[in-house]
Each structure stands twice: as C-alpha cells, then as structure tokens.
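Source file: start.txt; contents: compact mmCIF, C-alpha atoms.
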# COMPACT_ATOMS: atom_id res chain seq x y z
CA ILE W 151 131.07 -107.46 134.25
CA SER W 152 128.06 -107.78 136.47
CA PRO W 153 125.35 -105.09 136.53
CA SER W 154 126.04 -104.33 140.21
CA ALA W 155 129.77 -103.77 139.48
CA THR W 156 128.85 -101.46 136.60
CA GLU W 157 126.43 -99.58 138.86
CA LYS W 158 129.10 -99.24 141.57
CA ALA W 159 131.62 -97.96 139.04
CA THR W 160 129.10 -95.46 137.70
CA LYS W 161 128.33 -94.17 141.23
CA SER W 162 132.03 -93.90 142.02
CA ARG W 163 132.64 -91.99 138.81
CA GLN W 164 129.76 -89.61 139.57
CA GLN W 165 131.05 -89.04 143.10
CA LEU W 166 134.54 -88.37 141.80
CA GLU W 167 133.18 -85.96 139.18
CA GLN W 168 131.25 -84.12 141.91
CA ARG W 169 134.37 -83.91 144.09
CA LEU W 170 136.40 -82.69 141.13
CA ALA W 171 133.81 -80.02 140.37
CA SER W 172 133.81 -78.98 144.01
CA ILE W 173 137.63 -78.82 144.06
CA GLU W 174 137.70 -76.80 140.83
CA THR W 175 135.16 -74.35 142.25
CA ALA W 176 137.21 -74.01 145.44
CA ARG W 177 140.37 -73.55 143.38
CA GLY W 178 138.68 -70.81 141.35
CA ASN W 179 137.54 -69.08 144.53
CA ILE W 180 141.06 -69.29 145.99
CA GLU W 181 142.61 -67.90 142.81
CA LYS W 182 140.08 -65.06 142.78
CA ARG W 183 140.87 -64.28 146.44
CA ILE W 184 144.62 -64.33 145.72
CA GLU W 185 144.03 -61.83 142.90
CA GLN W 186 142.04 -59.62 145.28
CA ILE W 187 144.83 -59.75 147.88
CA GLU W 188 147.48 -58.92 145.27
CA ASP W 189 145.30 -56.08 143.97
CA SER W 190 144.94 -54.77 147.51
CA ARG W 191 148.71 -54.94 148.05
CA SER W 192 149.28 -53.08 144.79
CA GLY W 193 146.73 -50.49 145.90
CA GLU W 194 148.60 -50.00 149.17
CA LEU W 195 151.84 -49.47 147.26
CA ILE W 196 150.15 -46.93 144.98
CA VAL W 197 148.93 -45.06 148.06
CA GLN W 198 152.52 -45.01 149.34
CA LEU W 199 153.56 -43.14 146.18
CA HIS W 200 151.77 -40.16 147.79
CA SER W 201 153.83 -40.36 151.01
CA SER W 202 155.72 -37.32 152.25
CA ASP W 203 158.75 -39.60 152.84
CA ALA W 204 160.94 -39.96 149.73
CA GLU W 205 162.25 -43.37 150.83
CA VAL W 206 158.70 -44.70 151.18
CA ARG W 207 157.81 -43.39 147.71
CA MET W 208 160.90 -44.94 146.10
CA ALA W 209 160.44 -48.29 147.88
CA ALA W 210 156.80 -48.36 146.75
CA ALA W 211 157.81 -47.64 143.14
CA GLN W 212 160.44 -50.38 143.22
CA ASN W 213 158.05 -52.90 144.79
CA LEU W 214 155.37 -52.08 142.23
CA SER W 215 157.92 -52.59 139.47
CA LYS W 216 158.64 -56.08 140.82
CA LYS W 217 154.94 -57.06 140.80
CA GLY W 218 155.13 -58.14 137.15
CA ALA W 219 152.39 -60.62 136.35
CA LYS W 220 150.80 -60.15 139.79
CA ILE W 221 149.61 -56.61 139.08
CA SER W 222 146.17 -56.09 137.56
CA GLN W 223 145.39 -54.05 134.50
CA THR W 224 143.37 -51.68 136.69
CA LYS W 225 146.40 -50.92 138.87
CA VAL W 226 148.68 -50.52 135.84
CA ASN W 227 146.14 -48.07 134.42
CA GLU W 228 146.19 -46.16 137.74
CA LEU W 229 149.98 -45.90 137.52
CA ILE W 230 149.77 -44.72 133.90
CA ASP W 231 147.22 -42.07 134.93
CA ILE W 232 149.47 -40.88 137.78
CA MET W 233 152.47 -40.82 135.43
CA ARG W 234 150.56 -38.69 132.93
CA HIS W 235 148.47 -36.45 135.19
CA GLY W 236 149.89 -36.54 138.73
CA ASP W 237 150.46 -33.08 140.14
CA GLU W 238 152.09 -33.72 143.51
CA ARG W 239 155.74 -32.89 143.97
CA TRP W 240 158.17 -32.75 146.83
CA GLU W 241 161.37 -30.91 147.51
CA THR W 242 164.04 -33.62 147.45
CA SER W 243 167.15 -31.50 147.83
CA ARG W 244 168.31 -27.96 148.45
CA SER W 245 171.73 -26.47 148.00
CA ARG W 246 173.34 -23.10 148.24
CA ASN W 247 176.70 -22.30 146.72
CA GLU W 248 178.97 -20.29 148.95
CA GLY W 249 179.06 -16.64 148.03
CA ARG W 250 175.88 -16.91 145.93
CA HIS W 251 172.64 -15.16 146.75
CA CYS W 252 170.38 -17.93 145.54
CA THR W 253 169.23 -21.39 146.53
CA ASP W 254 168.92 -24.34 144.18
CA TYR W 255 165.97 -26.62 144.81
CA GLU W 256 165.33 -30.06 143.35
CA TYR W 257 161.75 -31.27 143.17
CA THR W 258 160.58 -34.77 142.39
CA SER W 259 157.01 -35.26 141.21
CA ILE W 260 154.76 -38.23 141.72
CA LYS W 261 155.01 -38.73 137.96
CA HIS W 262 158.65 -39.74 138.49
CA TYR W 263 157.73 -42.43 141.00
CA ALA W 264 154.87 -43.84 138.89
CA ALA W 265 157.18 -43.86 135.86
CA THR W 266 159.87 -45.62 137.92
CA ALA W 267 157.36 -48.37 138.70
CA LEU W 268 156.36 -48.74 135.04
CA THR W 269 159.79 -48.46 133.40
CA ASP W 270 161.05 -51.97 134.19
CA MET W 271 157.75 -53.65 135.07
CA LYS W 272 157.40 -57.04 133.39
CA SER W 273 153.64 -57.02 132.93
CA ARG W 274 151.56 -57.86 129.91
CA TYR W 275 149.66 -54.62 130.61
CA VAL W 276 152.74 -52.44 130.09
CA SER W 277 153.29 -52.08 126.37
CA PRO W 278 156.66 -51.07 124.89
CA ASP W 279 155.13 -47.65 124.12
CA VAL W 280 154.09 -47.17 127.74
CA ALA W 281 157.55 -48.29 128.93
CA ARG W 282 159.16 -45.74 126.58
CA GLU W 283 156.79 -43.02 127.81
CA ALA W 284 157.65 -44.02 131.39
CA ARG W 285 161.39 -43.65 130.75
CA GLN W 286 160.81 -40.14 129.40
CA SER W 287 158.44 -39.20 132.21
CA LYS W 288 160.88 -40.52 134.80
CA SER W 289 163.57 -38.07 133.71
CA LYS W 290 161.10 -35.18 133.38
CA GLY W 291 159.76 -35.89 136.87
CA VAL W 292 162.82 -34.38 138.52
CA THR W 293 163.14 -30.61 138.12
CA ARG W 294 165.53 -28.00 139.45
CA GLU W 295 164.80 -24.39 140.26
CA ARG W 296 167.10 -21.59 141.31
CA VAL W 297 165.52 -19.02 143.60
CA THR W 298 167.26 -15.71 144.17
CA ASP W 299 167.13 -14.59 147.76
CA PRO W 300 164.77 -11.67 148.44
CA GLY W 301 166.61 -8.36 148.56
CA TRP W 302 169.23 -9.42 145.98
CA VAL W 303 167.11 -8.98 142.93
Write-out of the structure in structure tokens:
Amino acid sequence: ISPSATEKATKSRQQLEQRLASIETARGNIEKRIEQIEDSRSGELIVQLHSSDAEVRMAAAQNLSKKGAKISQTKVNELIDIMRHGDERWETSRSRNEGRHCTDYEYTSIKHYAATALTDMKSRYVSPDVAREARQSKSKGVTRERVTDPGWV
C-alpha cells in the first residue's frame, strides 16, 4: 500500500471518529433532553394529584403508575413523600340514610392517590417494601366519618 493511500485512510478514519464523537455527544444531549421532558411530564402529573377534581387526581395517579422506567428517582421520592406525609384530603362522597339524623362522609387523601401511583409502578426506584407500604397507605387514604346533625345530639 502506498504512503498516500495510507495517509488518505488515516484521514478518513480520523474524520469518521470525529463524526462518531459528534454523533455520540448529540445523542447524549438528546437523551438528557428526553429525560428532562419526561421529568417535567411527571412533575405535571404530580401537581395534578393536588387538583380539586377527583377524576383529575385519579387519572394523574394512573398515568404516573404507567410511567415505569420513564420516571426519575427524584419524582418517585416525591411520590413517596406525599404518600407518607401528604395532608390534603377531599370529600369524595356524602350519604344520608332516610330517617337518620346524621350524614356519612367519605374523604380521600392525597396519600391515597400517591399510593395508587406507586402500588403497581414498574420502576427500579420502587422497592417491594415501598410497594407494600403503598398498598397499605392506599387503603388507609380513604376514611369515613359520620356526623350527627346539630340539634340531635
């Protein structure tokens, strides 16, 4: 092989290596941006857990649960924190038995919705212990209270 052919081959290899490095850098930047977008979407869903609309809260919990590998450890940790320490709750039903002088209220806490998201989430950041805790928290997140009407006490 002639020296000029060797030199041409060496230049071509160097150019290809530079292009490959450039492509790998671009790929890394794209992957990082995709992670940021997914993290932002997860953040939006977590915000929706605070909605006054029960359907919005439940849809957000279900969509978070489906995130699986796309959800970051930071967002999983946020859900775990909400499940453990969230203090918001909403009246989700009210009933009154005929002839009774009391009203039964059902309240669902934000802990229930965060736990719903974590219970079936297929994420490496949700350990079996956290999933078990989520199942327990999910059932404890719905409470019922009976309130006797004033004047009938």
Can you write out as a tab-separated table which residues of segment 179-210 of chain W fall within 12 Å of segment 234-243 of chain W, alongside each residue's closest atom pair and its distance in Å to one decimal, counting only C-alpha atoms and ordering rows by chain and ascending residue number?
residue	atom	partner	partner_atom	distance
W:Leu199	CA	W:Glu238	CA	9.9
W:His200	CA	W:Glu238	CA	7.7
W:Ser201	CA	W:Trp240	CA	9.7
W:Ser202	CA	W:Trp240	CA	7.5
W:Asp203	CA	W:Trp240	CA	9.1
W:Ala204	CA	W:Thr242	CA	7.4
W:Glu205	CA	W:Thr242	CA	10.5
W:Arg207	CA	W:Trp240	CA	10.7
W:Met208	CA	W:Thr242	CA	11.8
Writing out the chosen residues with C-alpha atoms as a tab-separated table (two decimals), in the coordinates of the input:
chain	number	residue	atom	x	y	z
W	199	LEU	CA	153.56	-43.14	146.18
W	200	HIS	CA	151.77	-40.16	147.79
W	201	SER	CA	153.83	-40.36	151.01
W	202	SER	CA	155.72	-37.32	152.25
W	203	ASP	CA	158.75	-39.60	152.84
W	204	ALA	CA	160.94	-39.96	149.73
W	205	GLU	CA	162.25	-43.37	150.83
W	207	ARG	CA	157.81	-43.39	147.71
W	208	MET	CA	160.90	-44.94	146.10
Of W:Leu214, W:Ile173, W:Val206, W:Val197, the one sitting nearest Thr269 of chain W when using only C-alpha atoms is W:Leu214
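Atom pair atom CA of Leu166 of chain W / atom CA of Arg183 of chain W: separated by 25.3 Å.
The interatomic distance for the pair atom CA of Arg274 of chain W and atom CA of Gly218 of chain W works out to 8.1 Å.
Atom pair atom CA of Tyr255 of chain W / atom CA of Ser287 of chain W: separated by 19.3 Å.
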Neighbours of Ser245 of chain W within 12 Å (only C-alpha atoms; same-chain residues fewer than 6 positions away dropped), as a short mmCIF file (atom, residue, chain, number, x, y, z; two decimals) with C-alpha atoms, in the coordinates of the input?
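Result saved to result_29.cif:
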data_model
loop_
_atom_site.label_atom_id
_atom_site.label_comp_id
_atom_site.auth_asym_id
_atom_site.auth_seq_id
_atom_site.Cartn_x
_atom_site.Cartn_y
_atom_site.Cartn_z
CA HIS W 251 172.64 -15.16 146.75
CA CYS W 252 170.38 -17.93 145.54
CA THR W 253 169.23 -21.39 146.53
CA ASP W 254 168.92 -24.34 144.18
CA TYR W 255 165.97 -26.62 144.81
CA GLU W 256 165.33 -30.06 143.35
CA ARG W 294 165.53 -28.00 139.45
CA GLU W 295 164.80 -24.39 140.26
CA ARG W 296 167.10 -21.59 141.31
CA VAL W 297 165.52 -19.02 143.60
#
Every residue with an atom at most 9 Å from (147.1, -50.8, 143.8) (file coordinates; all atoms listed in the file) is what I'm after, so could you write them as a ChimeraX atom specification? /W:188-197,214,221-222,224-226,228-229
* To do: Excluding segment 262-267 of chain W and residues on its chain fewer than 3 positions from it, collect all residues at most 7 Å away from it, counting all atoms listed in the file, and give them as a ChimeraX atom specification.
  => /W:199,207-208,211-212,214-215,229,232-233,258-259,270-271,284-285,287-288,291-292
Using the file's own x, y and z axes, what box holds all listed atoms of segment 181-198 of chain W with 3 Å on each side, keeping edges along x, y and z, and what are its centre and edge lengths in Å to one decimal, as JSON?
{"center_x": 146.3, "center_y": -56.5, "center_z": 146.1, "size_x": 18.4, "size_y": 28.9, "size_z": 12.6}
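Of the listed residues (W:Leu170, W:Ile180, W:Ala159, W:Leu268), W:Leu268 comes nearest to Lys216 of chain W; the distances count all atoms listed in the file.
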